[in-house]
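Reviewing the structure listed below.
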Amino acid sequence: MNNESFLANLQSIVGPSGVVTDDETLDRYTREWRGKYLSGAIAAVRPATTEQVSAVIKACAESGISITPQGGNTGLVGGSVPIEPTREIVLSLDRMNAIEDVDTQGNTMIVQAGCILADAQQAAAKVDRVFPLSLGAEGSCRIGGNLSTNAGGINVIRYGNMRDLVLGLEVVLADGRIWNGMNRLRKDNTGYDLKHLFIGAEGTLGIITRAVLKTFPRPKDRLTTWLACHKPAECLVALNMLRDRLGDAIVAAEIIPAIALDQTLEQISGTKPPMKPSPAWSLLVDVGVFDEAGAVRDTLDAVLQEAVMNDVIYDGVIAQNLEQTGQFWRIREAIPEAETKAGPSIKHDVSVPVHRVPELIERGSRLLQELYPGARPVPFGHLGDGNLHFNLCAPLSALGDKAAETEFLAAWGTINRAFHDLVQEMGGSISAEHGIGQLKKDELARTADGVGLDLMRTIKTALDPENRLNPGKIF
Ligand SMILES: Cc1cc2nc3c(=O)[nH]c(=O)nc-3n(C[C@H](O)[C@H](O)[C@H](O)COP(=O)(O)OP(=O)(O)OC[C@H]3O[C@@H](n4cnc5c(N)ncnc54)[C@H](O)[C@@H]3O)c2cc1C
């Protein structure tokens, strides 16, 4: 079958508006978020139902065409765009964006995979519940993408990552069969828990079409505090003091070095310093108020006083209102954008056991400075999850000098490898949040446990023997 009859076949399944081939619109589906992976595709196909997804997969199988599943295309590792444009389609779930049911008694929500994360959050909020996954791309990323990358974000410390927020899934397999695992059960020990195979699989094992999500009671209020420490180890002690006294009310805990704070205040208009001068290390904490607000505030005040007296923190501000809370979080959320505006940087997204975060910051910063003298380490992120975005900004002397910037970026691979070796030695992971995609597949092959990698390949071959789903990703 040639391309023309293949496209006609697809159109007969999803309707003419469900097949995108014009260059301008197709570009939106084949250009990855940061523009790092510029691709192409035979078409972007936009089914409206699970049955259509199944029929599209069968049509692709008949024509020997591969499929790149796509949600919001905000993944940052090249997983959502094709590698071989002439032999692949993008299968976009963007038309399957409905919220089908919100159940306030069982605290669940049924959504289609193309539902935008912010819409799911709002649907929960409307019935006084919270769907707690929260991340910078929440206005664009979609539930199917969140599931396929096992997304994390800022609230993992309290609610877990995407894997912890799901009860059931519906998945279309590589042979077109539909697996109905849409249960709402909190307890189900009938054999293997198949949904977990597809969560974090980056679209290599099946196409997620619907999901049963968990919702939670909505906090009555939220207290946000910005704390100043001299060292990362003190941030960790402060966080644990807060958790000892406030328990699960701690909803988010982010560590921010002065370099990231200053860069953001400089680069992002409208941001205001939470305190002056910038602390060497800041700890930004959100406390959910589930009980009486005054009592939580009193406990928070008492812990902060104790932390000052014990030289754990040397200053702290509690946001006075929602506007100030918004200002604090705006700084945190804008760090990546500020970094990009400030010049080139080499990225790492890693995790280590939580108690080793201060050690990683110390050893990692030293290593990066040895590897590229003058370059500036910027480790920030989810302290409570042991997950840091450990980036390396180009030396100040290189900024604006094209040749020097190019030379710096050429060291990306060497620096990644040395840094990942350190992370591994410390019992960590080379990809804490964004997955493997195309970006880290060589590093996965280099660093993964051989038996583990073998098991992954066995599962892939069993579920997708023709390598039709997202070829060239992860492996
Ligand atoms: C500004 C910004 C901030 C971010 N912050 C965070 C963060 O804090 N934490 C975090 O974890 N991530 C973060 N990310 C990364 C990204 O937003 C997440 O990985 C998100 O979960 C991807 O969702 P998506 O719908 O855009 O997926 P896509 O980018 O479209 O796809 C991601 C992967 O999932 C596959 N896929 C998509 N939909 C399906 C489906 N229905 N079935 C099967 N496979 C599918 C794709 O093939 C691809 O491999 C951030 C990204 C940006 C741009």
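Numbering starts fresh at 1 for the residues of each chain in the structure tokens, the chains themselves are lettered A, B, ... in the order given, and ligands are numbered from 1 as they appear.
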Would you give me, as JSON lines, each residue of chain A having an atom within 7 Å of an atom of ligand 1, along with its shortest atom pair and that distance in Å to one decimal, using only C-alpha atoms and all ligand atoms and sorting by chain and residue number?
{"residue": "A:Trp33", "atom": "CA", "partner": "ligand 1", "partner_atom_place_in_ligand_line": "53 (C)", "distance": 6.4}
{"residue": "A:Thr68", "atom": "CA", "partner": "ligand 1", "partner_atom_place_in_ligand_line": "47 (O)", "distance": 5.4}
{"residue": "A:Pro69", "atom": "CA", "partner": "ligand 1", "partner_atom_place_in_ligand_line": "47 (O)", "distance": 4.1}
{"residue": "A:Gln70", "atom": "CA", "partner": "ligand 1", "partner_atom_place_in_ligand_line": "30 (O)", "distance": 3.9}
{"residue": "A:Gly71", "atom": "CA", "partner": "ligand 1", "partner_atom_place_in_ligand_line": "30 (O)", "distance": 3.4}
{"residue": "A:Gly72", "atom": "CA", "partner": "ligand 1", "partner_atom_place_in_ligand_line": "26 (O)", "distance": 3.4}
{"residue": "A:Asn73", "atom": "CA", "partner": "ligand 1", "partner_atom_place_in_ligand_line": "30 (O)", "distance": 3.3}
{"residue": "A:Thr74", "atom": "CA", "partner": "ligand 1", "partner_atom_place_in_ligand_line": "26 (O)", "distance": 3.5}
{"residue": "A:Gly75", "atom": "CA", "partner": "ligand 1", "partner_atom_place_in_ligand_line": "29 (O)", "distance": 3.4}
{"residue": "A:Leu76", "atom": "CA", "partner": "ligand 1", "partner_atom_place_in_ligand_line": "15 (C)", "distance": 5.7}
{"residue": "A:Gly79", "atom": "CA", "partner": "ligand 1", "partner_atom_place_in_ligand_line": "49 (O)", "distance": 3.7}
{"residue": "A:Ser80", "atom": "CA", "partner": "ligand 1", "partner_atom_place_in_ligand_line": "48 (C)", "distance": 3.9}
{"residue": "A:Leu93", "atom": "CA", "partner": "ligand 1", "partner_atom_place_in_ligand_line": "41 (N)", "distance": 6.0}
{"residue": "A:Ala113", "atom": "CA", "partner": "ligand 1", "partner_atom_place_in_ligand_line": "41 (N)", "distance": 5.2}
{"residue": "A:Gly114", "atom": "CA", "partner": "ligand 1", "partner_atom_place_in_ligand_line": "41 (N)", "distance": 6.7}
{"residue": "A:Leu135", "atom": "CA", "partner": "ligand 1", "partner_atom_place_in_ligand_line": "8 (O)", "distance": 4.3}
{"residue": "A:Gly136", "atom": "CA", "partner": "ligand 1", "partner_atom_place_in_ligand_line": "3 (C)", "distance": 3.8}
{"residue": "A:Ala137", "atom": "CA", "partner": "ligand 1", "partner_atom_place_in_ligand_line": "2 (C)", "distance": 4.3}
{"residue": "A:Glu138", "atom": "CA", "partner": "ligand 1", "partner_atom_place_in_ligand_line": "17 (O)", "distance": 7.0}
{"residue": "A:Ser140", "atom": "CA", "partner": "ligand 1", "partner_atom_place_in_ligand_line": "26 (O)", "distance": 6.5}
{"residue": "A:Cys141", "atom": "CA", "partner": "ligand 1", "partner_atom_place_in_ligand_line": "25 (O)", "distance": 3.7}
{"residue": "A:Arg142", "atom": "CA", "partner": "ligand 1", "partner_atom_place_in_ligand_line": "25 (O)", "distance": 3.7}
{"residue": "A:Ile143", "atom": "CA", "partner": "ligand 1", "partner_atom_place_in_ligand_line": "25 (O)", "distance": 6.1}
{"residue": "A:Gly144", "atom": "CA", "partner": "ligand 1", "partner_atom_place_in_ligand_line": "41 (N)", "distance": 3.7}
{"residue": "A:Gly145", "atom": "CA", "partner": "ligand 1", "partner_atom_place_in_ligand_line": "27 (O)", "distance": 3.4}
{"residue": "A:Asn146", "atom": "CA", "partner": "ligand 1", "partner_atom_place_in_ligand_line": "21 (O)", "distance": 3.3}
{"residue": "A:Leu147", "atom": "CA", "partner": "ligand 1", "partner_atom_place_in_ligand_line": "21 (O)", "distance": 6.7}
{"residue": "A:Ser148", "atom": "CA", "partner": "ligand 1", "partner_atom_place_in_ligand_line": "34 (O)", "distance": 4.5}
{"residue": "A:Thr149", "atom": "CA", "partner": "ligand 1", "partner_atom_place_in_ligand_line": "19 (O)", "distance": 5.3}
{"residue": "A:Asn150", "atom": "CA", "partner": "ligand 1", "partner_atom_place_in_ligand_line": "11 (O)", "distance": 6.7}
{"residue": "A:Ala151", "atom": "CA", "partner": "ligand 1", "partner_atom_place_in_ligand_line": "11 (O)", "distance": 3.4}
{"residue": "A:Gly152", "atom": "CA", "partner": "ligand 1", "partner_atom_place_in_ligand_line": "11 (O)", "distance": 3.9}
{"residue": "A:Gly153", "atom": "CA", "partner": "ligand 1", "partner_atom_place_in_ligand_line": "8 (O)", "distance": 3.5}
{"residue": "A:Ile154", "atom": "CA", "partner": "ligand 1", "partner_atom_place_in_ligand_line": "8 (O)", "distance": 6.2}
{"residue": "A:Glu202", "atom": "CA", "partner": "ligand 1", "partner_atom_place_in_ligand_line": "49 (O)", "distance": 3.7}
{"residue": "A:Gly203", "atom": "CA", "partner": "ligand 1", "partner_atom_place_in_ligand_line": "44 (N)", "distance": 3.2}
{"residue": "A:Thr204", "atom": "CA", "partner": "ligand 1", "partner_atom_place_in_ligand_line": "44 (N)", "distance": 6.9}
{"residue": "A:Gly206", "atom": "CA", "partner": "ligand 1", "partner_atom_place_in_ligand_line": "43 (C)", "distance": 5.8}
{"residue": "A:Ile207", "atom": "CA", "partner": "ligand 1", "partner_atom_place_in_ligand_line": "42 (N)", "distance": 3.7}
{"residue": "A:Ile208", "atom": "CA", "partner": "ligand 1", "partner_atom_place_in_ligand_line": "42 (N)", "distance": 3.8}
{"residue": "A:Thr209", "atom": "CA", "partner": "ligand 1", "partner_atom_place_in_ligand_line": "41 (N)", "distance": 5.6}
{"residue": "A:Glu433", "atom": "CA", "partner": "ligand 1", "partner_atom_place_in_ligand_line": "11 (O)", "distance": 4.2}
{"residue": "A:His434", "atom": "CA", "partner": "ligand 1", "partner_atom_place_in_ligand_line": "19 (O)", "distance": 4.9}
{"residue": "A:Gly437", "atom": "CA", "partner": "ligand 1", "partner_atom_place_in_ligand_line": "49 (O)", "distance": 6.0}
{"residue": "A:Asn470", "atom": "CA", "partner": "ligand 1", "partner_atom_place_in_ligand_line": "47 (O)", "distance": 6.3}
Exercise for the section: For range 445-460 of chain A, please output as a list in words all residues within 9 Å (counting only C-alpha atoms; exclusion window: fewer than 6 positions along the same chain). Expected result: Leu197, Thr204, Leu205, His420, Asp421, Gln424, Ile430, Asn467, Ile474 and Phe475 of chain A
Practice task
Skip Val127 in chain A itself and residues of its chain fewer than 4 positions away, then list as a ChimeraX atom specification all residues within 10 Å of it, counting only C-alpha atoms.
Solution key: /A:102-104,122-123,217-218
If you keep N, CA, C and O atoms, can you produce a file of those selected residues as a tab-separated table (two decimals), in the first residue's frame?
chain	number	residue	atom	x	y	z
A	102	VAL	N	-16.69	12.16	37.59
A	102	VAL	CA	-16.01	12.57	38.82
A	102	VAL	C	-16.83	12.02	39.98
A	102	VAL	O	-18.00	12.33	40.10
A	103	ASP	N	-16.20	11.17	40.78
A	103	ASP	CA	-16.94	10.43	41.82
A	103	ASP	C	-16.48	10.91	43.19
A	103	ASP	O	-15.34	10.65	43.60
A	104	THR	N	-17.36	11.63	43.90
A	104	THR	CA	-16.95	12.23	45.18
A	104	THR	C	-17.03	11.25	46.35
A	104	THR	O	-16.47	11.51	47.40
A	122	GLN	N	-8.75	21.12	37.64
A	122	GLN	CA	-9.93	21.99	37.83
A	122	GLN	C	-11.20	21.18	38.08
A	122	GLN	O	-12.04	21.55	38.91
A	123	ALA	N	-11.33	20.07	37.37
A	123	ALA	CA	-12.52	19.23	37.56
A	123	ALA	C	-12.57	18.71	38.99
A	123	ALA	O	-13.64	18.66	39.61
A	217	PRO	N	-8.92	14.81	49.49
A	217	PRO	CA	-9.58	15.97	50.11
A	217	PRO	C	-8.77	17.23	49.82
A	217	PRO	O	-7.54	17.19	49.81
A	218	ARG	N	-9.48	18.32	49.57
A	218	ARG	CA	-8.79	19.57	49.24
A	218	ARG	C	-8.39	20.29	50.53
A	218	ARG	O	-9.24	20.47	51.42
Handout entry: CA of Ala260 in chain A to CA of Ile436 in chain A, distance in Å rounded to a single decimal
Key = 25.4 Å
Practice task
Check the smallest atom-to-atom distance from each of A:Thr461, A:Thr215, A:Gln52, A:Thr190 to Tyr159 in chain A using only C-alpha atoms, then report the winner.
Solution key: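 That would be A:Thr215, the residue with the smallest distance to Tyr159 in chain A.
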Practice task
Write out as a PyMOL selection string which residues come within 8 Å of Gly364 in chain A when counting only C-alpha atoms, dropping same-chain ones fewer than 5 positions away.
Solution key: chain A and resi 359+419+422
Practice task
Based on DSSP run over this structure's backbone, return all residues of range 156-317 of chain A in alpha helix (DSSP H), as a count of residues only.
Solution key: 50
Problem - Interatomic distance, CA of Val423 in chain A to CA of Ser351 in chain A (Å, one decimal) - result: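 Distance between the two atoms: 7.6 Å.
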Completion exercise
One residue among A:Asn416, A:Asn183, A:Asn107, A:Ser269 is nearest to Arg330 in chain A when using only C-alpha atoms, and that residue is A:Ser269
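Non-sequential neighbours of range 230-247 of chain A (distance at most 8 Å, separation of 2 or more positions within a chain, only C-alpha atoms) are A:Ala228, A:Ala249, A:Ile250, A:Ala253, A:Ile255, A:Pro279, A:Ala280, A:Trp281, A:Ser282, A:Leu283, A:Val296, A:Thr299, A:Leu300, A:Val303, A:Ala307, A:Val312, A:Ile313, A:Tyr314, A:His355, A:Val357, A:Pro358, A:Ile361, A:Leu383, A:Gly384.
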Exercise for the section: Find the distance between CA of Ile65 in chain A and CA of Asp27 in chain A and write it in Å to one decimal. Expected result: 19.3 Å
Exercise for the section: Tell me which protein, DNA and RNA residues are within 9 Å of Ser54 in chain A, counting only C-alpha atoms, leaving out same-chain ones fewer than 5 positions away, and put them as a ChimeraX atom specification. Expected result: /A:49,59,172-178
Practice task
Report as a PyMOL selection string: the residues of range 237-401 of chain A with a DSSP assignment of strand (DSSP E or B), based on the backbone of this structure.
Solution key: chain A and resi 250-257+281-289+315-318+345-346+349-351+376-382+387-393
Just to be explicit: take each residue in the selection above, keep C-alpha atoms, and write the result as an mmCIF file, in the first residue's frame.
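Here's the written file result_39.cif:
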data_model
loop_
_atom_site.group_PDB
_atom_site.id
_atom_site.type_symbol
_atom_site.label_atom_id
_atom_site.label_comp_id
_atom_site.auth_asym_id
_atom_site.auth_seq_id
_atom_site.Cartn_x
_atom_site.Cartn_y
_atom_site.Cartn_z
ATOM 1 C CA ILE A 250 4.043 19.150 54.047
ATOM 2 C CA VAL A 251 2.950 19.205 50.420
ATOM 3 C CA ALA A 252 6.064 20.516 48.627
ATOM 4 C CA ALA A 253 9.685 21.217 49.547
ATOM 5 C CA GLU A 254 12.100 22.756 47.059
ATOM 6 C CA ILE A 255 15.767 23.647 47.496
ATOM 7 C CA ILE A 256 17.116 26.675 45.618
ATOM 8 C CA PRO A 257 20.726 27.936 45.552
ATOM 9 C CA TRP A 281 20.466 28.145 50.114
ATOM 10 C CA SER A 282 16.699 28.584 50.260
ATOM 11 C CA LEU A 283 14.072 26.043 51.233
ATOM 12 C CA LEU A 284 10.601 26.733 49.856
ATOM 13 C CA VAL A 285 7.909 24.750 51.663
ATOM 14 C CA ASP A 286 4.146 24.486 51.175
ATOM 15 C CA VAL A 287 2.074 23.334 54.111
ATOM 16 C CA GLY A 288 -1.483 22.184 53.393
ATOM 17 C CA VAL A 289 -3.994 23.248 56.019
ATOM 18 C CA ASP A 315 15.851 33.637 58.455
ATOM 19 C CA GLY A 316 12.370 32.761 57.285
ATOM 20 C CA VAL A 317 9.291 34.399 55.806
ATOM 21 C CA ILE A 318 5.753 33.053 55.806
ATOM 22 C CA SER A 345 23.538 25.089 30.223
ATOM 23 C CA ILE A 346 24.141 21.349 30.398
ATOM 24 C CA ASP A 349 17.764 15.318 36.104
ATOM 25 C CA VAL A 350 18.835 12.876 38.776
ATOM 26 C CA SER A 351 17.825 11.417 42.107
ATOM 27 C CA ARG A 376 28.660 27.272 37.293
ATOM 28 C CA PRO A 377 26.720 24.385 38.897
ATOM 29 C CA VAL A 378 23.021 25.120 39.557
ATOM 30 C CA PRO A 379 21.504 22.278 41.620
ATOM 31 C CA PHE A 380 17.849 22.909 42.478
ATOM 32 C CA GLY A 381 14.575 21.050 42.863
ATOM 33 C CA HIS A 382 12.605 18.540 44.832
ATOM 34 C CA ASN A 387 15.471 14.739 42.968
ATOM 35 C CA LEU A 388 17.673 17.562 41.719
ATOM 36 C CA HIS A 389 17.856 19.325 38.394
ATOM 37 C CA PHE A 390 21.646 19.535 38.572
ATOM 38 C CA ASN A 391 22.474 21.849 35.715
ATOM 39 C CA LEU A 392 25.766 23.422 34.714
ATOM 40 C CA CYS A 393 25.693 26.957 33.338
#
Can you pull out every residue within 12 Å of Phe408 in chain A, counting only C-alpha atoms, but drop anything in the same chain fewer than 6 positions away, and send it as an mmCIF file with C-alpha atoms, in the first residue's frame?
data_model
loop_
_atom_site.group_PDB
_atom_site.id
_atom_site.type_symbol
_atom_site.label_atom_id
_atom_site.label_comp_id
_atom_site.auth_asym_id
_atom_site.auth_seq_id
_atom_site.Cartn_x
_atom_site.Cartn_y
_atom_site.Cartn_z
ATOM 1 C CA GLY A 343 22.843 31.408 28.402
ATOM 2 C CA PRO A 344 23.651 27.795 27.568
ATOM 3 C CA SER A 345 23.538 25.089 30.223
ATOM 4 C CA ILE A 346 24.141 21.349 30.398
ATOM 5 C CA LEU A 371 35.406 18.960 34.532
ATOM 6 C CA TYR A 372 34.798 22.464 33.190
ATOM 7 C CA PRO A 373 36.644 25.144 35.161
ATOM 8 C CA GLY A 374 34.680 28.371 35.356
ATOM 9 C CA ALA A 375 31.325 26.721 34.619
ATOM 10 C CA ARG A 376 28.660 27.272 37.293
ATOM 11 C CA LEU A 392 25.766 23.422 34.714
ATOM 12 C CA CYS A 393 25.693 26.957 33.338
ATOM 13 C CA ALA A 394 28.414 28.115 30.944
ATOM 14 C CA PRO A 395 31.281 30.189 32.407
ATOM 15 C CA LEU A 396 30.445 33.898 32.578
ATOM 16 C CA SER A 397 33.419 34.521 30.269
ATOM 17 C CA ALA A 398 31.776 32.368 27.550
ATOM 18 C CA LEU A 399 28.450 34.208 27.496
ATOM 19 C CA ASP A 401 30.885 34.463 22.616
ATOM 20 C CA LYS A 402 29.422 31.970 20.082
ATOM 21 C CA THR A 414 31.481 13.889 28.599
ATOM 22 C CA ILE A 415 30.072 15.877 31.488
#
Completion exercise
Of A:Met309, A:Cys60, A:Leu265, A:Ala125, the one nearest to Lys341 in chain A when counting only C-alpha atoms is A:Leu265
